[in-house]
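Structure file work.pdb with PDB, C-alpha atoms, pLDDT in the B column:
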ATOM      1  CA  MET A 108      35.689 -43.820 -60.746  1.00 52.00           C
ATOM      2  CA  VAL A 109      37.988 -44.307 -57.770  1.00 51.00           C
ATOM      3  CA  SER A 110      39.119 -40.695 -57.898  1.00 56.00           C
ATOM      4  CA  LEU A 111      35.491 -39.482 -58.061  1.00 52.00           C
ATOM      5  CA  ARG A 112      34.550 -41.612 -55.049  1.00 54.00           C
ATOM      6  CA  PHE A 113      37.549 -40.262 -53.150  1.00 50.00           C
ATOM      7  CA  PHE A 114      36.505 -36.710 -53.989  1.00 50.00           C
ATOM      8  CA  VAL A 115      32.928 -37.235 -52.716  1.00 50.00           C
ATOM      9  CA  VAL A 116      34.150 -38.817 -49.472  1.00 51.00           C
ATOM     10  CA  ALA A 117      36.589 -35.969 -48.965  1.00 54.00           C
ATOM     11  CA  VAL A 118      33.851 -33.357 -49.463  1.00 51.00           C
ATOM     12  CA  VAL A 119      31.550 -35.116 -46.974  1.00 51.00           C
ATOM     13  CA  GLN A 120      34.328 -35.371 -44.393  1.00 56.00           C
ATOM     14  CA  CYS A 121      35.159 -31.705 -44.787  1.00 52.00           C
ATOM     15  CA  SER A 122      31.491 -30.766 -44.387  1.00 53.00           C
ATOM     16  CA  LEU A 123      31.178 -32.837 -41.216  1.00 52.00           C
ATOM     17  CA  LEU A 124      34.377 -31.359 -39.878  1.00 51.00           C
ATOM     18  CA  LEU A 125      33.210 -27.818 -40.517  1.00 51.00           C
ATOM     19  CA  GLY A 126      29.817 -28.584 -38.994  1.00 52.00           C
ATOM     20  CA  CYS A 127      31.436 -29.820 -35.815  1.00 52.00           C
ATOM     21  CA  THR A 128      33.893 -26.984 -35.416  1.00 53.00           C
ATOM     22  CA  MET A 129      31.678 -23.978 -36.258  1.00 56.00           C
ATOM     23  CA  PRO A 130      30.266 -22.422 -33.069  1.00 61.00           C
ATOM     24  CA  PRO A 131      26.480 -21.963 -32.847  1.00 63.00           C
ATOM     25  CA  ILE A 132      25.102 -18.537 -33.568  1.00 64.00           C
ATOM     26  CA  ILE A 133      23.925 -17.028 -30.291  1.00 64.00           C
ATOM     27  CA  LYS A 134      21.847 -13.891 -30.426  1.00 62.00           C
ATOM     28  CA  PRO A 135      22.757 -11.401 -27.707  1.00 62.00           C
ATOM     29  CA  PRO A 136      19.998 -10.859 -25.140  1.00 61.00           C
ATOM     30  CA  VAL A 137      17.859  -7.827 -25.776  1.00 58.00           C
ATOM     31  CA  ASP A 138      17.846  -5.619 -22.701  1.00 62.00           C
ATOM     32  CA  LYS A 139      14.527  -3.980 -21.926  1.00 66.00           C
ATOM     33  CA  PRO A 140      14.819  -0.226 -21.606  1.00 68.00           C
ATOM     34  CA  GLU A 141      14.602   0.952 -18.012  1.00 80.00           C
ATOM     35  CA  LEU A 142      11.297   2.520 -17.062  1.00 80.00           C
ATOM     36  CA  GLY A 143      11.264   6.173 -16.116  1.00 78.00           C
ATOM     37  CA  PRO A 144       9.996   7.428 -12.747  1.00 82.00           C
ATOM     38  CA  ASN A 145       6.573   8.171 -14.245  1.00 85.00           C
ATOM     39  CA  GLN A 146       6.254   4.944 -16.231  1.00 89.00           C
ATOM     40  CA  TYR A 147       4.946   1.458 -15.488  1.00 90.00           C
ATOM     41  CA  GLU A 148       4.445  -1.690 -17.532  1.00 90.00           C
ATOM     42  CA  VAL A 149       1.402  -3.969 -17.752  1.00 88.00           C
ATOM     43  CA  PHE A 150       1.100  -6.919 -20.160  1.00 86.00           C
ATOM     44  CA  GLY A 151       4.190  -5.715 -22.028  1.00 86.00           C
ATOM     45  CA  GLN A 152       2.719  -2.263 -22.626  1.00 88.00           C
ATOM     46  CA  VAL A 153       4.435   0.773 -21.096  1.00 91.00           C
ATOM     47  CA  TYR A 154       2.221   3.528 -19.707  1.00 92.00           C
ATOM     48  CA  GLU A 155       3.218   7.014 -18.584  1.00 92.00           C
ATOM     49  CA  THR A 156       1.516   8.864 -15.760  1.00 92.00           C
ATOM     50  CA  MET A 157       0.714  12.564 -15.771  1.00 93.00           C
ATOM     51  CA  GLN A 158       2.597  14.999 -13.543  1.00 89.00           C
ATOM     52  CA  GLU A 159      -0.541  16.983 -12.718  1.00 89.00           C
ATOM     53  CA  ASN A 160      -4.272  16.957 -13.386  1.00 88.00           C
ATOM     54  CA  VAL A 161      -4.921  20.689 -13.843  1.00 88.00           C
ATOM     55  CA  GLY A 162      -7.317  21.307 -16.726  1.00 87.00           C
ATOM     56  CA  TYR A 163      -7.729  17.625 -17.601  1.00 91.00           C
ATOM     57  CA  LEU A 164     -10.875  17.002 -19.678  1.00 89.00           C
ATOM     58  CA  GLU A 165     -11.386  14.027 -21.978  1.00 90.00           C
ATOM     59  CA  ILE A 166     -14.190  12.201 -23.757  1.00 89.00           C
ATOM     60  CA  GLY A 167     -14.054   8.432 -24.046  1.00 90.00           C
ATOM     61  CA  VAL A 168     -15.537   5.102 -23.042  1.00 92.00           C
ATOM     62  CA  ALA A 169     -16.089   4.066 -19.438  1.00 94.00           C
ATOM     63  CA  SER A 170     -16.264   0.476 -18.230  1.00 95.00           C
ATOM     64  CA  TRP A 171     -16.643  -0.905 -14.710  1.00 96.00           C
ATOM     65  CA  TYR A 172     -15.103  -3.602 -12.522  1.00 94.00           C
ATOM     66  CA  GLY A 173     -16.779  -5.329  -9.624  1.00 89.00           C
ATOM     67  CA  LYS A 174     -16.978  -8.575  -7.678  1.00 90.00           C
ATOM     68  CA  LYS A 175     -13.797 -10.186  -9.026  1.00 91.00           C
ATOM     69  CA  PHE A 176     -11.670  -7.348  -7.603  1.00 92.00           C
ATOM     70  CA  HIS A 177     -13.740  -6.564  -4.486  1.00 91.00           C
ATOM     71  CA  GLY A 178     -11.515  -6.582  -1.409  1.00 90.00           C
ATOM     72  CA  ARG A 179      -8.246  -6.494  -3.330  1.00 91.00           C
ATOM     73  CA  LEU A 180      -5.689  -3.719  -3.106  1.00 91.00           C
ATOM     74  CA  THR A 181      -5.775  -0.830  -5.559  1.00 92.00           C
ATOM     75  CA  ALA A 182      -2.654   0.735  -7.045  1.00 90.00           C
ATOM     76  CA  MET A 183      -2.664   3.130  -4.075  1.00 88.00           C
ATOM     77  CA  GLY A 184      -2.719   0.295  -1.563  1.00 86.00           C
ATOM     78  CA  GLU A 185      -6.329   0.894  -0.578  1.00 88.00           C
ATOM     79  CA  THR A 186      -8.968  -1.819  -0.366  1.00 88.00           C
ATOM     80  CA  TYR A 187     -11.168  -1.808  -3.453  1.00 92.00           C
ATOM     81  CA  ASP A 188     -14.857  -1.484  -2.560  1.00 90.00           C
ATOM     82  CA  MET A 189     -17.084  -2.266  -5.519  1.00 91.00           C
ATOM     83  CA  PHE A 190     -19.958  -0.400  -3.845  1.00 89.00           C
ATOM     84  CA  GLY A 191     -17.957   2.804  -3.386  1.00 88.00           C
ATOM     85  CA  LEU A 192     -17.476   5.713  -5.785  1.00 90.00           C
ATOM     86  CA  THR A 193     -13.951   5.176  -7.092  1.00 94.00           C
ATOM     87  CA  ALA A 194     -12.259   4.675 -10.441  1.00 96.00           C
ATOM     88  CA  ALA A 195      -9.140   3.479 -12.234  1.00 96.00           C
ATOM     89  CA  HIS A 196      -7.270   5.563 -14.813  1.00 97.00           C
ATOM     90  CA  LYS A 197      -4.090   4.789 -16.729  1.00 96.00           C
ATOM     91  CA  ALA A 198      -2.432   8.192 -16.449  1.00 94.00           C
ATOM     92  CA  LEU A 199      -4.006  10.594 -13.939  1.00 95.00           C
ATOM     93  CA  PRO A 200      -2.045  11.238 -10.728  1.00 93.00           C
ATOM     94  CA  LEU A 201      -3.202   9.159  -7.759  1.00 91.00           C
ATOM     95  CA  PRO A 202      -5.398  10.204  -6.144  1.00 90.00           C
ATOM     96  CA  THR A 203      -7.395  12.528  -8.389  1.00 91.00           C
ATOM     97  CA  VAL A 204     -11.004  13.581  -7.915  1.00 90.00           C
ATOM     98  CA  VAL A 205     -12.919  13.611 -11.214  1.00 92.00           C
ATOM     99  CA  LYS A 206     -16.402  14.386 -12.436  1.00 92.00           C
ATOM    100  CA  VAL A 207     -17.771  11.705 -14.767  1.00 94.00           C
ATOM    101  CA  THR A 208     -20.793  12.426 -16.975  1.00 91.00           C
ATOM    102  CA  ASN A 209     -22.686   9.710 -18.829  1.00 91.00           C
ATOM    103  CA  LEU A 210     -23.353  11.110 -22.320  1.00 87.00           C
ATOM    104  CA  ASP A 211     -26.223   8.677 -22.859  1.00 87.00           C
ATOM    105  CA  ASN A 212     -28.381  10.054 -20.042  1.00 88.00           C
ATOM    106  CA  GLY A 213     -26.651  13.201 -18.764  1.00 88.00           C
ATOM    107  CA  GLN A 214     -26.109  11.854 -15.241  1.00 90.00           C
ATOM    108  CA  SER A 215     -22.959  12.991 -13.429  1.00 91.00           C
ATOM    109  CA  ILE A 216     -21.099  11.893 -10.296  1.00 89.00           C
ATOM    110  CA  ILE A 217     -17.873  12.721  -8.476  1.00 90.00           C
ATOM    111  CA  VAL A 218     -15.456   9.816  -8.008  1.00 91.00           C
ATOM    112  CA  ARG A 219     -11.963   9.395  -6.607  1.00 92.00           C
ATOM    113  CA  VAL A 220      -9.344   7.819  -8.880  1.00 94.00           C
ATOM    114  CA  ASN A 221      -7.257   5.473  -6.708  1.00 93.00           C
ATOM    115  CA  ASP A 222      -6.328   2.667  -9.119  1.00 95.00           C
ATOM    116  CA  ARG A 223      -4.703   1.982 -12.495  1.00 95.00           C
ATOM    117  CA  GLY A 224      -6.522   0.727 -15.580  1.00 93.00           C
ATOM    118  CA  PRO A 225      -8.419  -0.102 -17.707  1.00 94.00           C
ATOM    119  CA  PHE A 226      -5.694  -1.724 -19.795  1.00 90.00           C
ATOM    120  CA  HIS A 227      -7.634  -1.670 -23.067  1.00 86.00           C
ATOM    121  CA  ASP A 228      -6.861   0.784 -25.854  1.00 81.00           C
ATOM    122  CA  ASP A 229     -10.513   1.671 -26.360  1.00 84.00           C
ATOM    123  CA  ARG A 230     -11.308   2.440 -22.690  1.00 91.00           C
ATOM    124  CA  LEU A 231     -10.721   5.737 -20.902  1.00 95.00           C
ATOM    125  CA  ILE A 232     -11.745   4.989 -17.325  1.00 97.00           C
ATOM    126  CA  ASP A 233     -12.757   1.975 -15.236  1.00 97.00           C
ATOM    127  CA  LEU A 234     -15.413   2.781 -12.645  1.00 97.00           C
ATOM    128  CA  SER A 235     -16.407   0.873  -9.549  1.00 95.00           C
ATOM    129  CA  TRP A 236     -19.700  -0.992  -9.796  1.00 94.00           C
ATOM    130  CA  GLY A 237     -21.251   1.560  -7.445  1.00 91.00           C
ATOM    131  CA  ALA A 238     -20.180   4.424  -9.694  1.00 93.00           C
ATOM    132  CA  ALA A 239     -21.507   2.646 -12.791  1.00 95.00           C
ATOM    133  CA  LYS A 240     -24.817   2.113 -11.006  1.00 92.00           C
ATOM    134  CA  ALA A 241     -24.997   5.795 -10.070  1.00 92.00           C
ATOM    135  CA  LEU A 242     -24.450   6.665 -13.737  1.00 94.00           C
ATOM    136  CA  GLY A 243     -27.081   4.173 -14.872  1.00 93.00           C
ATOM    137  CA  PHE A 244     -25.000   1.708 -16.888  1.00 93.00           C
ATOM    138  CA  GLU A 245     -24.319  -1.116 -14.407  1.00 92.00           C
ATOM    139  CA  ASN A 246     -26.336  -3.519 -16.570  1.00 91.00           C
ATOM    140  CA  GLN A 247     -24.189  -2.910 -19.630  1.00 88.00           C
ATOM    141  CA  GLY A 248     -20.460  -3.126 -20.143  1.00 86.00           C
ATOM    142  CA  THR A 249     -19.597   0.400 -21.238  1.00 91.00           C
ATOM    143  CA  ALA A 250     -20.917   3.932 -21.689  1.00 91.00           C
ATOM    144  CA  PRO A 251     -19.646   7.101 -23.414  1.00 90.00           C
ATOM    145  CA  VAL A 252     -18.490   9.627 -20.825  1.00 91.00           C
ATOM    146  CA  VAL A 253     -16.799  12.945 -20.215  1.00 91.00           C
ATOM    147  CA  VAL A 254     -14.125  12.874 -17.507  1.00 93.00           C
ATOM    148  CA  GLU A 255     -13.110  16.182 -15.927  1.00 92.00           C
ATOM    149  CA  ALA A 256     -10.465  16.525 -13.213  1.00 91.00           C
ATOM    150  CA  MET A 257     -11.676  18.520 -10.224  1.00 86.00           C
ATOM    151  CA  ASP A 258      -8.223  20.006  -9.708  1.00 78.00           C
ATOM    152  CA  GLU A 259      -7.186  22.314  -6.888  1.00 71.00           C
ATOM    153  CA  VAL A 260      -6.796  25.294  -9.207  1.00 73.00           C
ATOM    154  CA  ASN A 261     -10.277  25.230 -10.728  1.00 72.00           C
ATOM    155  CA  HIS A 262     -12.071  23.438  -7.871  1.00 67.00           C
ATOM    156  CA  PRO A 263     -10.206  24.192  -4.614  1.00 66.00           C
ATOM    157  CA  GLU A 264     -13.020  22.887  -2.408  1.00 59.00           C
ATOM    158  CA  LEU A 265     -12.825  19.421  -3.982  1.00 56.00           C
ATOM    159  CA  GLY A 266      -9.063  19.416  -4.343  1.00 48.00           C
ATOM    160  CA  LYS A 267      -8.801  19.131  -0.559  1.00 51.00           C
ATOM    161  CA  LEU A 268      -9.887  15.510  -0.852  1.00 49.00           C
ATOM    162  CA  LYS A 269      -6.514  14.783  -2.391  1.00 47.00           C
ATOM    163  CA  HIS A 270      -4.813  15.287   0.975  1.00 47.00           C
ATOM    164  CA  GLN A 271      -7.347  13.392   3.035  1.00 51.00           C
ATOM    165  CA  GLU A 272      -5.953  10.561   5.140  1.00 53.00           C
ATOM    166  CA  SER A 273      -7.898   7.359   5.669  1.00 60.00           C
ATOM    167  CA  TYR A 274      -7.368   4.977   8.543  1.00 70.00           C
ATOM    168  CA  TYR A 275      -7.995   1.253   8.541  1.00 80.00           C
ATOM    169  CA  LEU A 276      -7.924  -1.205  11.410  1.00 86.00           C
ATOM    170  CA  GLN A 277      -6.790  -4.749  10.699  1.00 88.00           C
ATOM    171  CA  VAL A 278      -8.232  -7.110  13.294  1.00 91.00           C
ATOM    172  CA  GLY A 279      -7.237 -10.501  11.922  1.00 90.00           C
ATOM    173  CA  ALA A 280      -5.330 -12.439   9.266  1.00 88.00           C
ATOM    174  CA  PHE A 281      -6.223 -15.997   8.255  1.00 90.00           C
ATOM    175  CA  ILE A 282      -4.854 -18.676   5.950  1.00 90.00           C
ATOM    176  CA  ALA A 283      -8.369 -20.075   5.520  1.00 91.00           C
ATOM    177  CA  ARG A 284     -11.025 -17.754   4.101  1.00 89.00           C
ATOM    178  CA  ALA A 285     -13.677 -19.364   6.317  1.00 93.00           C
ATOM    179  CA  GLY A 286     -11.933 -18.017   9.422  1.00 93.00           C
ATOM    180  CA  ALA A 287     -11.865 -14.501   7.995  1.00 91.00           C
ATOM    181  CA  VAL A 288     -15.549 -14.670   7.041  1.00 93.00           C
ATOM    182  CA  LYS A 289     -16.475 -15.791  10.563  1.00 94.00           C
ATOM    183  CA  GLN A 290     -14.559 -12.940  12.178  1.00 92.00           C
ATOM    184  CA  MET A 291     -15.896 -10.398   9.677  1.00 92.00           C
ATOM    185  CA  LYS A 292     -19.482 -11.310  10.609  1.00 93.00           C
ATOM    186  CA  GLU A 293     -18.708 -10.976  14.328  1.00 93.00           C
ATOM    187  CA  VAL A 294     -16.977  -7.629  13.834  1.00 92.00           C
ATOM    188  CA  LYS A 295     -19.837  -6.253  11.730  1.00 91.00           C
ATOM    189  CA  LEU A 296     -22.278  -6.922  14.574  1.00 91.00           C
ATOM    190  CA  ALA A 297     -20.106  -4.869  16.918  1.00 88.00           C
ATOM    191  CA  MET A 298     -19.565  -1.882  14.623  1.00 87.00           C
ATOM    192  CA  PRO A 299     -21.466   1.420  14.653  1.00 81.00           C
ATOM    193  CA  GLU A 300     -23.853   1.842  11.741  1.00 80.00           C
ATOM    194  CA  GLY A 301     -22.138   2.754   8.495  1.00 79.00           C
ATOM    195  CA  VAL A 302     -18.657   1.496   9.408  1.00 84.00           C
ATOM    196  CA  PRO A 303     -17.516  -0.871   6.619  1.00 86.00           C
ATOM    197  CA  VAL A 304     -15.870  -4.216   7.354  1.00 88.00           C
ATOM    198  CA  SER A 305     -14.277  -6.189   4.529  1.00 86.00           C
ATOM    199  CA  ILE A 306     -11.910  -9.037   3.727  1.00 83.00           C
ATOM    200  CA  LEU A 307      -8.657  -8.107   2.029  1.00 76.00           C
ATOM    201  CA  GLU A 308      -7.046 -10.868  -0.025  1.00 74.00           C
ATOM    202  CA  SER A 309      -3.239 -10.781  -0.122  1.00 70.00           C
ATOM    203  CA  GLU A 310      -1.023 -13.155  -2.064  1.00 66.00           C
ATOM    204  CA  VAL A 311       1.987 -14.399  -0.060  1.00 65.00           C
ATOM    205  CA  LYS A 312       4.707 -16.980  -0.766  1.00 71.00           C
ATOM    206  CA  THR A 313       2.769 -19.764   0.942  1.00 78.00           C
ATOM    207  CA  GLY A 314      -0.545 -18.970  -0.753  1.00 77.00           C
ATOM    208  CA  MET A 315      -3.351 -16.554   0.084  1.00 79.00           C
ATOM    209  CA  LEU A 316      -3.795 -14.562   3.284  1.00 81.00           C
ATOM    210  CA  TYR A 317      -7.231 -13.235   4.213  1.00 85.00           C
ATOM    211  CA  LYS A 318      -7.208 -10.099   6.362  1.00 85.00           C
ATOM    212  CA  VAL A 319     -10.200  -8.531   8.096  1.00 89.00           C
ATOM    213  CA  TRP A 320     -10.132  -4.754   7.730  1.00 87.00           C
ATOM    214  CA  ILE A 321     -12.370  -2.067   9.227  1.00 87.00           C
ATOM    215  CA  GLY A 322     -12.589   1.211   7.361  1.00 81.00           C
ATOM    216  CA  PRO A 323     -11.847   3.594   5.882  1.00 77.00           C
ATOM    217  CA  LEU A 324     -12.126   5.637   9.083  1.00 78.00           C
ATOM    218  CA  ASP A 325     -11.595   9.306   8.232  1.00 70.00           C
ATOM    219  CA  ASP A 326     -12.207  10.573  11.769  1.00 71.00           C
ATOM    220  CA  PRO A 327      -9.640   9.746  14.517  1.00 71.00           C
ATOM    221  CA  GLU A 328     -12.441   9.896  17.100  1.00 74.00           C
ATOM    222  CA  GLU A 329     -14.389   7.268  15.162  1.00 77.00           C
ATOM    223  CA  GLU A 330     -11.241   5.163  15.018  1.00 78.00           C
ATOM    224  CA  SER A 331     -10.961   5.270  18.826  1.00 80.00           C
ATOM    225  CA  VAL A 332     -14.575   4.165  19.262  1.00 82.00           C
ATOM    226  CA  VAL A 333     -14.107   1.251  16.869  1.00 86.00           C
ATOM    227  CA  ALA A 334     -10.846   0.139  18.497  1.00 85.00           C
ATOM    228  CA  LEU A 335     -12.498   0.226  21.923  1.00 85.00           C
ATOM    229  CA  ARG A 336     -15.361  -1.997  20.750  1.00 88.00           C
ATOM    230  CA  ILE A 337     -12.915  -4.490  19.283  1.00 88.00           C
ATOM    231  CA  ARG A 338     -10.993  -4.667  22.552  1.00 87.00           C
ATOM    232  CA  ASP A 339     -14.052  -4.869  24.828  1.00 85.00           C
ATOM    233  CA  ARG A 340     -15.574  -7.727  22.811  1.00 88.00           C
ATOM    234  CA  ASN A 341     -12.285  -9.640  22.437  1.00 89.00           C
ATOM    235  CA  LEU A 342     -12.610  -9.621  18.649  1.00 88.00           C
ATOM    236  CA  GLY A 343      -8.894  -9.395  17.975  1.00 83.00           C
ATOM    237  CA  LYS A 344      -6.009  -6.963  18.196  1.00 84.00           C
ATOM    238  CA  ALA A 345      -6.593  -3.836  16.129  1.00 85.00           C
ATOM    239  CA  LEU A 346      -3.601  -2.906  13.969  1.00 84.00           C
ATOM    240  CA  ARG A 347      -3.762   0.613  12.538  1.00 82.00           C
ATOM    241  CA  VAL A 348      -3.041   1.064   8.827  1.00 74.00           C
ATOM    242  CA  THR A 349      -2.801   4.549   7.317  1.00 64.00           C
ATOM    243  CA  VAL A 350      -3.520   5.200   3.644  1.00 54.00           C
ATOM    244  CA  GLU A 351      -2.816   8.632   2.192  1.00 46.00           C
TER     245      GLU A 351
END
Taking this structure as input, can you express it in the form of structure tokens?
Amino acid sequence: MVSLRFFVVAVVQCSLLLGCTMPPIIKPPVDKPELGPNQYEVFGQVYETMQENVGYLEIGVASWYGKKFHGRLTAMGETYDMFGLTAAHKALPLPTVVKVTNLDNGQSIIVRVNDRGPFHDDRLIDLSWGAAKALGFENQGTAPVVVEAMDEVNHPELGKLKHQESYYLQVGAFIARAGAVKQMKEVKLAMPEGVPVSILESEVKTGMLYKVWIGPLDDPEEESVVALRIRDRNLGKALRVTVE
């Protein structure tokens, strides 16, 4: 009995000793593969952009995005205008001009792709609210569409839009949104008819920054007129921003 007890104690001591001396199993970190020059990652999914848009034609589902993103920057660094005729696409080169046809009613429009998305497997293109309205499906979430790239080879007259420069004038930046709204209203009253004024929301280290932007201004002469009105009415210092 004594020898049996001694054996059990010895086994337990050996087990404890081994448990204390064995190093923990550490799994080596898994390095993520580096993204290529034409790749980007969103929500853990890697997407690859196209080198060119010549001959692009695809049928799929269109959705639209609106108020939540209004005033934010697109993937091209432009201010998203929900009332404009723009779109987001996962792969087409930025910018690309495309013709979108609603297969439910046959309506077609020309839009400019300047953003990335929609990041859903079952969606082909994300249109601005204005584009969805023009196609007649703003009151529903999606619509079946045909998307055709108006490339420079097959549509040289529309391909010129790809190289068009747009100018913006930033006239103020505020920590409080109320200050930006106040200035935006004052600037709108001073602008020529048809010149858009919007608030651009930017996330900084200290929180949110609300910038008042005028534009896009495609004509340098129009830009000069706007800048002069800003100066004469003491509405701020106009800072020129160029978006290609």
Option closest in space to A:Phe150, from A:Gly178, A:Lys312, A:Gly224, A:Val288 [counting only C-alpha atoms]: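 For A:Phe150, the nearest of the candidates is A:Gly224.
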Can you list every residue of stretch 223-311 of chain A that has an atom at most 10 Å from stretch 328-343 of chain A, with its nearest atom pair and the distance in Å to one decimal, using only C-alpha atoms, ordered by chain then number, as a Markdown table?
| residue | atom | partner | partner_atom | distance |
| --- | --- | --- | --- | --- |
| A:Tyr274 | CA | A:Glu330 | CA | 7.5 |
| A:Tyr275 | CA | A:Glu330 | CA | 8.2 |
| A:Leu276 | CA | A:Ala334 | CA | 7.8 |
| A:Gln277 | CA | A:Gly343 | CA | 8.9 |
| A:Val278 | CA | A:Gly343 | CA | 5.3 |
| A:Gly279 | CA | A:Gly343 | CA | 6.4 |
| A:Ala280 | CA | A:Gly343 | CA | 9.9 |
| A:Gln290 | CA | A:Leu342 | CA | 7.5 |
| A:Met291 | CA | A:Leu342 | CA | 9.6 |
| A:Glu293 | CA | A:Leu342 | CA | 7.6 |
| A:Val294 | CA | A:Leu342 | CA | 6.8 |
| A:Ala297 | CA | A:Arg336 | CA | 6.7 |
| A:Met298 | CA | A:Val333 | CA | 6.7 |
| A:Pro299 | CA | A:Val333 | CA | 7.7 |
| A:Val302 | CA | A:Val333 | CA | 8.7 |
Return the single residue from A:Asp233, A:Asp228, A:Asp326, A:Asp211 that is closest to A:Tyr154, with distances computed using all atoms listed in the file.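 Of all the options, A:Asp228 lies closest to A:Tyr154.
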Point-to-point distance in Å for atom CA of A:Pro202 and atom CA of A:Lys295: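 Spanning atom CA of A:Lys295 to atom CA of A:Pro202 is a straight-line distance of 28.3 Å.
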Please list as an MDAnalysis selection string every residue within 12 Å of A:Arg223, counting all atoms listed in the file and excluding residues in the same chain fewer than 3 positions away. chainID A and resid 146:149 154:156 172 180:184 187 193:203 219:220 226:227 231:234
Restricting it to C-alpha atoms, dump the selection as a tab-separated table (two decimals), keeping the file's coordinate frame.
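The resulting file, result_20.tsv, is reproduced below:
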chain	number	residue	atom	x	y	z
A	146	GLN	CA	6.25	4.94	-16.23
A	147	TYR	CA	4.95	1.46	-15.49
A	148	GLU	CA	4.44	-1.69	-17.53
A	149	VAL	CA	1.40	-3.97	-17.75
A	154	TYR	CA	2.22	3.53	-19.71
A	155	GLU	CA	3.22	7.01	-18.58
A	156	THR	CA	1.52	8.86	-15.76
A	172	TYR	CA	-15.10	-3.60	-12.52
A	180	LEU	CA	-5.69	-3.72	-3.11
A	181	THR	CA	-5.78	-0.83	-5.56
A	182	ALA	CA	-2.65	0.74	-7.04
A	183	MET	CA	-2.66	3.13	-4.08
A	184	GLY	CA	-2.72	0.30	-1.56
A	187	TYR	CA	-11.17	-1.81	-3.45
A	193	THR	CA	-13.95	5.18	-7.09
A	194	ALA	CA	-12.26	4.68	-10.44
A	195	ALA	CA	-9.14	3.48	-12.23
A	196	HIS	CA	-7.27	5.56	-14.81
A	197	LYS	CA	-4.09	4.79	-16.73
A	198	ALA	CA	-2.43	8.19	-16.45
A	199	LEU	CA	-4.01	10.59	-13.94
A	200	PRO	CA	-2.04	11.24	-10.73
A	201	LEU	CA	-3.20	9.16	-7.76
A	202	PRO	CA	-5.40	10.20	-6.14
A	203	THR	CA	-7.40	12.53	-8.39
A	219	ARG	CA	-11.96	9.40	-6.61
A	220	VAL	CA	-9.34	7.82	-8.88
A	226	PHE	CA	-5.69	-1.72	-19.80
A	227	HIS	CA	-7.63	-1.67	-23.07
A	231	LEU	CA	-10.72	5.74	-20.90
A	232	ILE	CA	-11.74	4.99	-17.32
A	233	ASP	CA	-12.76	1.98	-15.24
A	234	LEU	CA	-15.41	2.78	-12.64
If the PyMOL selection byres ((chain A and resi 238-254) around 8) were run on this exact file, what residues would it hold? Put them as JSON, numbers by chain. {"A": [163, 164, 165, 166, 167, 168, 169, 170, 171, 190, 191, 192, 193, 194, 205, 206, 207, 208, 209, 210, 211, 212, 214, 215, 216, 218, 234, 235, 236, 237, 255, 256]}
State, in Å with one decimal place, the distance from atom CA of A:Thr313 to atom CA of A:Ile282.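 Value for the atom CA of A:Thr313-atom CA of A:Ile282 distance: 9.2 Å.
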Between atom CA of A:Gly322 and atom CA of A:Ile217, what is the distance, to one decimal in Å?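 Going from atom CA of A:Gly322 over to atom CA of A:Ile217 covers 20.3 Å.
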Residue by residue, what does the PyMOL selection byres ((chain A and resi 284) around 9) grab here? Present the result as a short mmCIF file (atom, residue, chain, number, x, y, z; two decimals) with C-alpha atoms, keeping the file's coordinate frame.
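Once written, out.cif looks like this:
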data_model
loop_
_atom_site.label_atom_id
_atom_site.label_comp_id
_atom_site.auth_asym_id
_atom_site.auth_seq_id
_atom_site.Cartn_x
_atom_site.Cartn_y
_atom_site.Cartn_z
CA PHE A 281 -6.22 -16.00 8.26
CA ILE A 282 -4.85 -18.68 5.95
CA ALA A 283 -8.37 -20.08 5.52
CA ALA A 285 -13.68 -19.36 6.32
CA GLY A 286 -11.93 -18.02 9.42
CA ALA A 287 -11.86 -14.50 8.00
CA VAL A 288 -15.55 -14.67 7.04
CA LYS A 289 -16.48 -15.79 10.56
CA ILE A 306 -11.91 -9.04 3.73
CA GLU A 308 -7.05 -10.87 -0.02
CA MET A 315 -3.35 -16.55 0.08
CA LEU A 316 -3.80 -14.56 3.28
CA TYR A 317 -7.23 -13.24 4.21
CA LYS A 318 -7.21 -10.10 6.36
#
Find the smallest box with edges along x, y and z containing every listed atom of stretch 307-320 of chain A, then add 4 Å on each side and report centre and edge lengths in Å to one decimal, as JSON.
{"center_x": -2.7, "center_y": -12.3, "center_z": 3.0, "size_x": 22.9, "size_y": 23.0, "size_z": 18.2}
Which is closest to A:Asp325 among A:Glu141, A:Gly213, A:Pro225, A:Val348, if we use only C-alpha atoms?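 Of all the options, A:Val348 lies closest to A:Asp325.
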